[in-house]
Amino acid sequence: MNHFTTQIHHWYTKNKRDLPWRKTNDPYKIWISEIILQQTRVDQGINYYYRFTERFPTIGKLAQANEDEVLKAWQGLGYYSRARNLHFTARYIQKEMNGKFPQEYDIILKLKGIGPYTAAAVASFAFDLSHPVVDGNVYRLLSRYFGIDTPVDSTKGKKEFYKLASEIMPAKNPGLHNQAMMEFGALQCAPRPVCLKCPLVNSCFAFHHKIVDKLPVKEKKTKQRNRYFYYYLLEHDDNIYLEKRSGNDIWKNLYQFPLLETSEELKEQEILELKNIPFPESCQKNLKTITPVKKHILSHQVIFARLIHLEIEIKCNLSNNYIKIKKTNLDDYAVPRLMEILMHETKIL
Ligand code: SF4
């Protein structure tokens with residue numbers, strides 16, 4: 001091993017965090033942890049990991065579950081297509097592979113929802129196969145230490161970093177090596193690193209050229225679009241109404257209050273006039289509350305949301321798409337985090 005890898009492994013032994021998915025070589029649990037960690041920070045991910053793996057401890061249990069249960073366990077993590085893919089792939093492995101997680105990188109890579117990064121993580125952590133895991137932390141570490149300014153989000157950059165990561169990968173313990181690289185990038189070569197405490201400081205290109213804050217380079221600026229969501233909480237006695245989201249949009253198959261989406265923000269007066277509401281205008285209703293605008297940022301869109309709470313009369317002819325439920329049963333349904341926040345902040349339910 002060269003100086004770089006030796007130092008990183010040494011540092012890892014002394015500084016690594018005690019994380020539950022590092023104590024197992026069960027590919028199923030490693031797979032779950034990797035997908036969760038694509039959604040959230042490690043400290044928050046631990047709770048989700050325990051919740052998900054206690055609810056679905058094996059591939060078989062996940063395969064047997066219905067989609068609503070899986071989405072409910074995923075609630076709050078966002079990117080629900082990842083939960084649906086986990087579910088699909090668990091069913092596929094159960095049916096087509098006798099419930100046994102494949103042990104070859106190329107076969108793992110073919111599974112739905114598993115890209116090169118996750119395939120390399122599962123293959124190396126569970127089966128000690130020699131495939132580098134190049135996540136955002138590893139890109140940052142490699143670009144700074146070796147002084148590479150090729151954009152990490154370009155095709156050329158991805159190839160270049162992958163090649164370099166493969167070259168420095170030792171033949172022995174590739175799983176441990178990948179963990180060490182990721183952990184070093186996450187904790188030591190962090191976005192704002194304390195270089196003077198770094199064991200690599202004497203040989204680090206970026207430190208010596210004073211360009212630590214310039215690396216890594218990214219070329220693409222993510223375009224964002226604005227959306228305006230008006231949720232209608234319709235209440236009659238102890239009942240409220242939900243609809244299931246469909247189509248190829250965010251939060252597919254999650255439940256929500258009847259929603260009006262507009263391309264421009266509505267004025268207060270327009271909301272009070274209750275025009276274009278997603279239920280008959282003739283319905284007798286009594287306005288109880290309108291929440292202030294809540295800004296909710298996703299990776300490519302910003303949602304400005306309000307919740308409008310109405311009491312309605314029983315005769316309202318509501319769409320058949322709405323499901324009538326007891327208010328107290330709302331917890332049984334997977335809803336977007338945004339709706340949870342609106343309900344929590346306003347203490348409506
Ligand atoms: S010296 Fe600073 S920039 Fe270089 S590897 Fe260490 S923490 Fe990263």
# chains A, B, ... in the order shown; residues from 1 in each chain; ligands from 1

call {"tool": "residues_near_ligand", "arguments": {"ligand": "ligand 1", "cutoff": "7 Å", "atoms": "only C-alpha atoms and all ligand atoms", "output": "PyMOL selection string"}}
result
chain A and resi 141+144-145+188-190+193-196+198-201+204-207+212

call {"tool": "write_last_selection", "arguments": {"atoms": "N, CA, C and O atoms", "output": "PDB file, in the first residue's frame"}}
result
ATOM      1  N   LEU A 141     -12.307  13.984  -1.688  1.00  0.00           N
ATOM      2  CA  LEU A 141     -10.974  13.601  -1.206  1.00  0.00           C
ATOM      3  C   LEU A 141      -9.993  13.430  -2.372  1.00  0.00           C
ATOM      4  O   LEU A 141      -8.890  13.983  -2.350  1.00  0.00           O
ATOM      5  N   ARG A 144      -9.080  16.748  -4.231  1.00  0.00           N
ATOM      6  CA  ARG A 144      -8.195  17.640  -3.476  1.00  0.00           C
ATOM      7  C   ARG A 144      -6.788  17.041  -3.320  1.00  0.00           C
ATOM      8  O   ARG A 144      -5.795  17.709  -3.594  1.00  0.00           O
ATOM      9  N   TYR A 145      -6.741  15.794  -2.893  1.00  0.00           N
ATOM     10  CA  TYR A 145      -5.417  15.222  -2.606  1.00  0.00           C
ATOM     11  C   TYR A 145      -4.566  15.138  -3.874  1.00  0.00           C
ATOM     12  O   TYR A 145      -3.377  15.462  -3.865  1.00  0.00           O
ATOM     13  N   GLN A 188     -12.950  13.808   7.703  1.00  0.00           N
ATOM     14  CA  GLN A 188     -11.696  14.569   7.719  1.00  0.00           C
ATOM     15  C   GLN A 188     -11.628  15.534   6.527  1.00  0.00           C
ATOM     16  O   GLN A 188     -11.503  16.738   6.700  1.00  0.00           O
ATOM     17  N   CYS A 189     -11.749  14.994   5.316  1.00  0.00           N
ATOM     18  CA  CYS A 189     -11.684  15.877   4.142  1.00  0.00           C
ATOM     19  C   CYS A 189     -13.119  16.353   3.836  1.00  0.00           C
ATOM     20  O   CYS A 189     -13.652  16.177   2.746  1.00  0.00           O
ATOM     21  N   ALA A 190     -13.711  16.956   4.845  1.00  0.00           N
ATOM     22  CA  ALA A 190     -15.113  17.395   4.781  1.00  0.00           C
ATOM     23  C   ALA A 190     -15.207  18.669   3.924  1.00  0.00           C
ATOM     24  O   ALA A 190     -14.178  19.231   3.549  1.00  0.00           O
ATOM     25  N   PRO A 193     -12.627  21.412   5.702  1.00  0.00           N
ATOM     26  CA  PRO A 193     -11.735  20.524   6.472  1.00  0.00           C
ATOM     27  C   PRO A 193     -10.782  21.291   7.389  1.00  0.00           C
ATOM     28  O   PRO A 193     -10.486  22.465   7.143  1.00  0.00           O
ATOM     29  N   VAL A 194     -10.334  20.588   8.439  1.00  0.00           N
ATOM     30  CA  VAL A 194      -9.270  21.159   9.272  1.00  0.00           C
ATOM     31  C   VAL A 194      -7.982  20.479   8.806  1.00  0.00           C
ATOM     32  O   VAL A 194      -7.579  19.435   9.314  1.00  0.00           O
ATOM     33  N   CYS A 195      -7.354  21.090   7.796  1.00  0.00           N
ATOM     34  CA  CYS A 195      -6.225  20.425   7.128  1.00  0.00           C
ATOM     35  C   CYS A 195      -5.031  20.224   8.053  1.00  0.00           C
ATOM     36  O   CYS A 195      -4.291  19.258   7.900  1.00  0.00           O
ATOM     37  N   LEU A 196      -4.859  21.124   9.008  1.00  0.00           N
ATOM     38  CA  LEU A 196      -3.680  20.995   9.861  1.00  0.00           C
ATOM     39  C   LEU A 196      -3.762  19.758  10.769  1.00  0.00           C
ATOM     40  O   LEU A 196      -2.769  19.347  11.345  1.00  0.00           O
ATOM     41  N   CYS A 198      -4.846  16.902   9.479  1.00  0.00           N
ATOM     42  CA  CYS A 198      -4.982  15.799   8.529  1.00  0.00           C
ATOM     43  C   CYS A 198      -3.662  15.031   8.382  1.00  0.00           C
ATOM     44  O   CYS A 198      -2.604  15.643   8.205  1.00  0.00           O
ATOM     45  N   PRO A 199      -3.709  13.699   8.446  1.00  0.00           N
ATOM     46  CA  PRO A 199      -2.467  12.926   8.301  1.00  0.00           C
ATOM     47  C   PRO A 199      -1.869  13.019   6.887  1.00  0.00           C
ATOM     48  O   PRO A 199      -0.737  12.610   6.673  1.00  0.00           O
ATOM     49  N   LEU A 200      -2.636  13.569   5.929  1.00  0.00           N
ATOM     50  CA  LEU A 200      -2.137  13.668   4.550  1.00  0.00           C
ATOM     51  C   LEU A 200      -1.643  15.073   4.211  1.00  0.00           C
ATOM     52  O   LEU A 200      -1.310  15.348   3.060  1.00  0.00           O
ATOM     53  N   VAL A 201      -1.612  15.951   5.222  1.00  0.00           N
ATOM     54  CA  VAL A 201      -1.368  17.368   4.925  1.00  0.00           C
ATOM     55  C   VAL A 201      -0.044  17.613   4.180  1.00  0.00           C
ATOM     56  O   VAL A 201       0.040  18.486   3.323  1.00  0.00           O
ATOM     57  N   CYS A 204      -0.628  16.649   0.364  1.00  0.00           N
ATOM     58  CA  CYS A 204      -1.895  16.996  -0.300  1.00  0.00           C
ATOM     59  C   CYS A 204      -1.697  18.143  -1.300  1.00  0.00           C
ATOM     60  O   CYS A 204      -1.229  19.229  -0.941  1.00  0.00           O
ATOM     61  N   PHE A 205      -2.077  17.910  -2.551  1.00  0.00           N
ATOM     62  CA  PHE A 205      -1.904  18.901  -3.622  1.00  0.00           C
ATOM     63  C   PHE A 205      -2.696  20.173  -3.305  1.00  0.00           C
ATOM     64  O   PHE A 205      -2.175  21.281  -3.368  1.00  0.00           O
ATOM     65  N   ALA A 206      -3.967  20.007  -2.982  1.00  0.00           N
ATOM     66  CA  ALA A 206      -4.829  21.185  -2.788  1.00  0.00           C
ATOM     67  C   ALA A 206      -4.333  22.045  -1.632  1.00  0.00           C
ATOM     68  O   ALA A 206      -4.347  23.275  -1.716  1.00  0.00           O
ATOM     69  N   PHE A 207      -3.866  21.405  -0.550  1.00  0.00           N
ATOM     70  CA  PHE A 207      -3.389  22.171   0.589  1.00  0.00           C
ATOM     71  C   PHE A 207      -2.158  22.996   0.193  1.00  0.00           C
ATOM     72  O   PHE A 207      -2.078  24.188   0.481  1.00  0.00           O
ATOM     73  N   VAL A 212      -7.875  24.309  -1.630  1.00  0.00           N
ATOM     74  CA  VAL A 212      -8.791  23.350  -0.974  1.00  0.00           C
ATOM     75  C   VAL A 212     -10.253  23.761  -1.211  1.00  0.00           C
ATOM     76  O   VAL A 212     -11.111  22.931  -1.512  1.00  0.00           O
TER      77      VAL A 212
END

call {"tool": "residues_around", "arguments": {"residues": "Phe56 of chain A", "least_positions_apart": "3", "cutoff": "10 Å", "atoms": "only C-alpha atoms", "output": "PyMOL selection string"}}
result
chain A and resi 29+50-53+59-65+69-70+73

call {"tool": "select_by_dssp", "arguments": {"residues": "segment 34-167 of chain A", "states": "alpha helix (DSSP H)", "output": "VMD selection string"}}
result
chain A and resid 34 to 37 42 to 55 59 to 64 67 to 74 80 to 96 105 to 110 116 to 127 136 to 146 155 to 167

call {"tool": "residues_around", "arguments": {"residues": "Tyr48 of chain A", "least_positions_apart": "4", "cutoff": "8 Å", "atoms": "only C-alpha atoms", "output": "list in words"}}
result
Ile36, Gln44, Phe52 and Trp74 of chain A

call {"tool": "closest_atom_pairs", "arguments": {"of": "segment 181-251 of chain A", "to": "segment 150-168 of chain A", "cutoff": "6 Å", "atoms": "only C-alpha atoms", "output": "Markdown table"}}
result
| residue | atom | partner | partner_atom | distance |
| --- | --- | --- | --- | --- |
| A:Val217 | CA | A:Pro151 | CA | 4.7 |
| A:Lys218 | CA | A:Pro151 | CA | 4.7 |
| A:Glu219 | CA | A:Pro151 | CA | 5.7 |

call {"tool": "write_last_selection", "arguments": {"atoms": "all heavy atoms", "output": "mmCIF file, in the first residue's frame"}}
result
data_model
loop_
_atom_site.group_PDB
_atom_site.id
_atom_site.type_symbol
_atom_site.label_atom_id
_atom_site.label_comp_id
_atom_site.auth_asym_id
_atom_site.auth_seq_id
_atom_site.Cartn_x
_atom_site.Cartn_y
_atom_site.Cartn_z
ATOM 1 N N VAL A 217 -14.598 20.389 -8.486
ATOM 2 C CA VAL A 217 -15.303 21.264 -9.426
ATOM 3 C C VAL A 217 -16.572 20.555 -9.899
ATOM 4 O O VAL A 217 -16.564 19.358 -10.147
ATOM 5 C CB VAL A 217 -14.376 21.568 -10.635
ATOM 6 C CG1 VAL A 217 -15.132 22.318 -11.718
ATOM 7 C CG2 VAL A 217 -13.164 22.348 -10.170
ATOM 8 N N LYS A 218 -17.640 21.348 -10.005
ATOM 9 C CA LYS A 218 -18.890 20.823 -10.592
ATOM 10 C C LYS A 218 -19.261 21.710 -11.757
ATOM 11 O O LYS A 218 -19.083 22.924 -11.690
ATOM 12 C CB LYS A 218 -20.016 20.863 -9.563
ATOM 13 C CG LYS A 218 -19.951 19.763 -8.556
ATOM 14 C CD LYS A 218 -21.249 19.660 -7.812
ATOM 15 C CE LYS A 218 -21.145 18.571 -6.758
ATOM 16 N NZ LYS A 218 -22.307 18.478 -5.927
ATOM 17 N N GLU A 219 -19.777 21.111 -12.827
ATOM 18 C CA GLU A 219 -20.084 21.959 -13.983
ATOM 19 C C GLU A 219 -21.555 22.346 -14.092
ATOM 20 O O GLU A 219 -21.891 23.394 -14.597
ATOM 21 C CB GLU A 219 -19.605 21.319 -15.296
ATOM 22 C CG GLU A 219 -20.363 20.081 -15.711
ATOM 23 C CD GLU A 219 -19.872 19.519 -17.038
ATOM 24 O OE1 GLU A 219 -18.906 20.045 -17.616
ATOM 25 O OE2 GLU A 219 -20.478 18.528 -17.486
#

call {"tool": "residues_around", "arguments": {"residues": "segment 227-229 of chain A", "least_positions_apart": "4", "cutoff": "7 Å", "atoms": "only C-alpha atoms", "output": "number ranges by chain"}}
result
A: 259-265, 302-306

call {"tool": "write_last_selection", "arguments": {"atoms": "N, CA, C and O atoms", "output": "PDB file, in the first residue's frame"}}
result
ATOM      1  N   LEU A 259     -55.751  17.997  -3.552  1.00  0.00           N
ATOM      2  CA  LEU A 259     -54.752  19.025  -3.871  1.00  0.00           C
ATOM      3  C   LEU A 259     -55.132  19.835  -5.096  1.00  0.00           C
ATOM      4  O   LEU A 259     -55.572  19.291  -6.105  1.00  0.00           O
ATOM      5  N   LEU A 260     -54.915  21.141  -4.979  1.00  0.00           N
ATOM      6  CA  LEU A 260     -54.986  22.019  -6.152  1.00  0.00           C
ATOM      7  C   LEU A 260     -53.559  22.490  -6.406  1.00  0.00           C
ATOM      8  O   LEU A 260     -52.931  23.054  -5.510  1.00  0.00           O
ATOM      9  N   GLU A 261     -53.053  22.227  -7.612  1.00  0.00           N
ATOM     10  CA  GLU A 261     -51.720  22.734  -7.942  1.00  0.00           C
ATOM     11  C   GLU A 261     -51.859  23.827  -8.980  1.00  0.00           C
ATOM     12  O   GLU A 261     -52.618  23.687  -9.949  1.00  0.00           O
ATOM     13  N   THR A 262     -51.142  24.925  -8.788  1.00  0.00           N
ATOM     14  CA  THR A 262     -51.187  26.025  -9.760  1.00  0.00           C
ATOM     15  C   THR A 262     -49.767  26.372 -10.192  1.00  0.00           C
ATOM     16  O   THR A 262     -48.797  26.045  -9.492  1.00  0.00           O
ATOM     17  N   SER A 263     -49.663  27.030 -11.356  1.00  0.00           N
ATOM     18  CA  SER A 263     -48.327  27.381 -11.837  1.00  0.00           C
ATOM     19  C   SER A 263     -47.880  28.734 -11.283  1.00  0.00           C
ATOM     20  O   SER A 263     -46.714  29.089 -11.356  1.00  0.00           O
ATOM     21  N   GLU A 264     -48.848  29.505 -10.741  1.00  0.00           N
ATOM     22  CA  GLU A 264     -48.523  30.796 -10.127  1.00  0.00           C
ATOM     23  C   GLU A 264     -49.086  30.799  -8.714  1.00  0.00           C
ATOM     24  O   GLU A 264     -50.079  30.116  -8.450  1.00  0.00           O
ATOM     25  N   GLU A 265     -48.497  31.615  -7.888  1.00  0.00           N
ATOM     26  CA  GLU A 265     -49.021  31.694  -6.523  1.00  0.00           C
ATOM     27  C   GLU A 265     -50.401  32.356  -6.516  1.00  0.00           C
ATOM     28  O   GLU A 265     -50.615  33.353  -7.217  1.00  0.00           O
ATOM     29  N   VAL A 302     -38.941  23.699  -6.142  1.00  0.00           N
ATOM     30  CA  VAL A 302     -39.284  24.324  -4.871  1.00  0.00           C
ATOM     31  C   VAL A 302     -40.802  24.377  -4.811  1.00  0.00           C
ATOM     32  O   VAL A 302     -41.450  24.861  -5.743  1.00  0.00           O
ATOM     33  N   ILE A 303     -41.353  23.854  -3.730  1.00  0.00           N
ATOM     34  CA  ILE A 303     -42.808  23.832  -3.594  1.00  0.00           C
ATOM     35  C   ILE A 303     -43.212  24.851  -2.536  1.00  0.00           C
ATOM     36  O   ILE A 303     -42.630  24.889  -1.443  1.00  0.00           O
ATOM     37  N   PHE A 304     -44.183  25.675  -2.893  1.00  0.00           N
ATOM     38  CA  PHE A 304     -44.752  26.628  -1.945  1.00  0.00           C
ATOM     39  C   PHE A 304     -46.137  26.089  -1.601  1.00  0.00           C
ATOM     40  O   PHE A 304     -46.989  25.980  -2.482  1.00  0.00           O
ATOM     41  N   ALA A 305     -46.322  25.716  -0.348  1.00  0.00           N
ATOM     42  CA  ALA A 305     -47.557  24.989  -0.016  1.00  0.00           C
ATOM     43  C   ALA A 305     -48.352  25.684   1.082  1.00  0.00           C
ATOM     44  O   ALA A 305     -47.786  26.330   1.969  1.00  0.00           O
ATOM     45  N   ARG A 306     -49.669  25.541   0.979  1.00  0.00           N
ATOM     46  CA  ARG A 306     -50.552  26.003   2.046  1.00  0.00           C
ATOM     47  C   ARG A 306     -51.573  24.912   2.317  1.00  0.00           C
ATOM     48  O   ARG A 306     -51.888  24.125   1.415  1.00  0.00           O
TER      49      ARG A 306
END

call {"tool": "residues_around", "arguments": {"residues": "Leu272 of chain A", "least_positions_apart": "3", "cutoff": "12 Å", "atoms": "only C-alpha atoms", "output": "list in words"}}
result
Tyr230, Leu266, Lys267, Glu268, Gln269, Lys275, Asn276, Ile277, Lys285, Asn286, Leu287, Lys288, Thr289, Ile290, Ile308, His309 and Leu310 of chain A

call {"tool": "write_last_selection", "arguments": {"atoms": "all heavy atoms", "output": "short mmCIF file (atom, residue, chain, number, x, y, z; two decimals), in the first residue's frame"}}
result
data_model
loop_
_atom_site.label_atom_id
_atom_site.label_comp_id
_atom_site.auth_asym_id
_atom_site.auth_seq_id
_atom_site.Cartn_x
_atom_site.Cartn_y
_atom_site.Cartn_z
N TYR A 230 -51.89 23.66 -2.99
CA TYR A 230 -52.92 24.04 -2.01
C TYR A 230 -53.63 22.76 -1.58
O TYR A 230 -54.34 22.14 -2.38
CB TYR A 230 -53.89 25.06 -2.64
CG TYR A 230 -53.15 26.31 -3.04
CD1 TYR A 230 -52.59 26.44 -4.31
CD2 TYR A 230 -52.93 27.33 -2.11
CE1 TYR A 230 -51.84 27.55 -4.66
CE2 TYR A 230 -52.18 28.45 -2.44
CZ TYR A 230 -51.64 28.55 -3.72
OH TYR A 230 -50.88 29.65 -4.05
N LEU A 266 -51.34 31.80 -5.75
CA LEU A 266 -52.68 32.41 -5.65
C LEU A 266 -52.63 33.52 -4.60
O LEU A 266 -51.92 33.41 -3.60
CB LEU A 266 -53.71 31.35 -5.22
CG LEU A 266 -54.00 30.22 -6.20
CD1 LEU A 266 -55.06 29.28 -5.60
CD2 LEU A 266 -54.48 30.74 -7.55
N LYS A 267 -53.44 34.55 -4.87
CA LYS A 267 -53.53 35.62 -3.86
C LYS A 267 -54.45 35.12 -2.75
O LYS A 267 -55.29 34.26 -2.97
CB LYS A 267 -54.11 36.87 -4.50
CG LYS A 267 -53.23 37.45 -5.59
CD LYS A 267 -53.70 38.86 -5.94
CE LYS A 267 -52.76 39.47 -6.96
NZ LYS A 267 -52.89 38.85 -8.28
N GLU A 268 -54.28 35.75 -1.58
CA GLU A 268 -55.09 35.38 -0.41
C GLU A 268 -56.58 35.39 -0.78
O GLU A 268 -57.33 34.48 -0.44
CB GLU A 268 -54.79 36.40 0.69
CG GLU A 268 -55.24 35.98 2.05
CD GLU A 268 -54.21 35.09 2.73
OE1 GLU A 268 -53.04 35.06 2.29
OE2 GLU A 268 -54.60 34.40 3.68
N GLN A 269 -56.98 36.45 -1.50
CA GLN A 269 -58.39 36.61 -1.86
C GLN A 269 -58.87 35.44 -2.74
O GLN A 269 -59.96 34.91 -2.56
CB GLN A 269 -58.57 37.95 -2.60
CG GLN A 269 -60.01 38.34 -2.87
CD GLN A 269 -60.83 38.39 -1.57
OE1 GLN A 269 -60.32 38.69 -0.49
NE2 GLN A 269 -62.11 38.03 -1.68
N LYS A 275 -62.11 29.38 -5.39
CA LYS A 275 -62.36 29.03 -6.79
C LYS A 275 -61.37 27.93 -7.20
O LYS A 275 -60.30 27.81 -6.61
CB LYS A 275 -62.15 30.26 -7.67
CG LYS A 275 -63.32 31.20 -7.56
CD LYS A 275 -63.28 32.26 -8.60
CE LYS A 275 -64.56 33.07 -8.47
NZ LYS A 275 -64.40 34.44 -8.90
N ASN A 276 -61.73 27.19 -8.20
CA ASN A 276 -60.88 26.10 -8.73
C ASN A 276 -60.53 25.06 -7.68
O ASN A 276 -59.50 24.40 -7.76
CB ASN A 276 -59.55 26.66 -9.29
CG ASN A 276 -59.81 27.67 -10.35
OD1 ASN A 276 -60.68 27.48 -11.20
ND2 ASN A 276 -59.10 28.78 -10.29
N ILE A 277 -61.38 24.97 -6.68
CA ILE A 277 -61.08 23.97 -5.65
C ILE A 277 -61.31 22.56 -6.21
O ILE A 277 -62.16 22.39 -7.10
CB ILE A 277 -61.94 24.20 -4.39
CG1 ILE A 277 -63.41 24.41 -4.80
CG2 ILE A 277 -61.41 25.35 -3.58
CD1 ILE A 277 -64.33 24.62 -3.66
N LYS A 285 -69.49 24.80 2.90
CA LYS A 285 -68.26 24.64 3.68
C LYS A 285 -68.01 25.85 4.59
O LYS A 285 -68.49 26.94 4.32
CB LYS A 285 -67.05 24.42 2.77
CG LYS A 285 -66.82 25.48 1.74
CD LYS A 285 -66.87 24.88 0.37
CE LYS A 285 -67.06 25.94 -0.70
NZ LYS A 285 -67.79 25.50 -1.84
N ASN A 286 -67.24 25.56 5.58
CA ASN A 286 -66.93 26.59 6.57
C ASN A 286 -65.40 26.62 6.72
O ASN A 286 -64.79 25.62 7.11
CB ASN A 286 -67.63 26.18 7.87
CG ASN A 286 -67.23 27.07 9.01
OD1 ASN A 286 -66.90 28.23 8.80
ND2 ASN A 286 -67.25 26.50 10.21
N LEU A 287 -64.84 27.78 6.37
CA LEU A 287 -63.38 27.87 6.40
C LEU A 287 -62.88 27.99 7.84
O LEU A 287 -63.29 28.87 8.57
CB LEU A 287 -62.95 29.11 5.59
CG LEU A 287 -61.47 29.40 5.54
CD1 LEU A 287 -60.71 28.29 4.83
CD2 LEU A 287 -61.22 30.73 4.83
N LYS A 288 -61.98 27.08 8.22
CA LYS A 288 -61.47 27.12 9.60
C LYS A 288 -60.08 27.75 9.69
O LYS A 288 -59.84 28.58 10.53
CB LYS A 288 -61.43 25.69 10.18
CG LYS A 288 -62.83 25.13 10.39
CD LYS A 288 -62.81 23.86 11.19
CE LYS A 288 -62.61 24.14 12.66
NZ LYS A 288 -62.60 22.90 13.45
N THR A 289 -59.18 27.32 8.85
CA THR A 289 -57.81 27.87 8.89
C THR A 289 -57.18 27.84 7.51
O THR A 289 -57.48 26.95 6.72
CB THR A 289 -56.85 26.96 9.72
OG1 THR A 289 -57.57 26.19 10.62
CG2 THR A 289 -55.73 27.73 10.34
N ILE A 290 -56.29 28.80 7.28
CA ILE A 290 -55.36 28.69 6.14
C ILE A 290 -53.97 28.90 6.71
O ILE A 290 -53.72 29.88 7.41
CB ILE A 290 -55.59 29.77 5.07
CG1 ILE A 290 -57.04 29.80 4.61
CG2 ILE A 290 -54.67 29.53 3.87
CD1 ILE A 290 -57.30 30.82 3.51
N ILE A 308 -55.46 24.35 3.60
CA ILE A 308 -56.73 25.05 3.84
C ILE A 308 -57.67 24.06 4.52
O ILE A 308 -57.98 23.01 3.94
CB ILE A 308 -57.33 25.55 2.50
CG1 ILE A 308 -56.34 26.53 1.86
CG2 ILE A 308 -58.67 26.21 2.69
CD1 ILE A 308 -55.85 26.11 0.54
N HIS A 309 -58.06 24.41 5.70
CA HIS A 309 -58.87 23.49 6.51
C HIS A 309 -60.33 23.93 6.44
O HIS A 309 -60.68 25.04 6.83
CB HIS A 309 -58.35 23.54 7.95
CG HIS A 309 -59.00 22.59 8.87
ND1 HIS A 309 -58.81 22.61 10.22
CD2 HIS A 309 -59.87 21.58 8.65
CE1 HIS A 309 -59.52 21.66 10.79
NE2 HIS A 309 -60.17 21.03 9.85
N LEU A 310 -61.19 23.03 5.93
CA LEU A 310 -62.62 23.37 5.76
C LEU A 310 -63.47 22.31 6.44
O LEU A 310 -63.18 21.12 6.35
CB LEU A 310 -62.99 23.36 4.27
CG LEU A 310 -62.29 24.33 3.33
CD1 LEU A 310 -62.63 23.96 1.89
CD2 LEU A 310 -62.73 25.76 3.61
#

call {"tool": "residues_around", "arguments": {"residues": "Asn321 of chain A", "least_positions_apart": "4", "cutoff": "9 Å", "atoms": "only C-alpha atoms", "output": "ChimeraX atom specification"}}
result
/A:242-244

call {"tool": "residues_around", "arguments": {"residues": "Thr13 of chain A", "least_positions_apart": "2", "cutoff": "12 Å", "atoms": "only C-alpha atoms", "output": "list in words"}}
result
Thr6, Gln7, Ile8, His9, His10, Trp11, Asn15, Lys16, Arg17, Asp18, Leu176, His177, Gln179, Ala180, Met181, Glu183 and Phe184 of chain A

call {"tool": "closest_residue", "arguments": {"among": "A:Phe88, A:Tyr322, A:Tyr117, A:Phe146", "to": "Val134 of chain A", "atoms": "only C-alpha atoms"}}
result
A:Tyr117

call {"tool": "closest_residue", "arguments": {"among": "A:Thr58, A:Leu71, A:Gly99, A:Leu338", "to": "Val293 of chain A", "atoms": "only C-alpha atoms"}}
result
A:Leu338

call {"tool": "atom_distance", "arguments": {"atom1": "atom CA of Leu234 of chain A", "atom2": "atom CA of Lys294 of chain A"}}
result
19.4 Å

call {"tool": "closest_residue", "arguments": {"among": "A:Ile32, A:Ile250, A:Val138, A:Cys283", "to": "Ser299 of chain A", "atoms": "only C-alpha atoms"}}
result
A:Ile250

call {"tool": "atom_distance", "arguments": {"atom1": "atom CA of Pro57 of chain A", "atom2": "atom CA of Gln103 of chain A"}}
result
19.2 Å
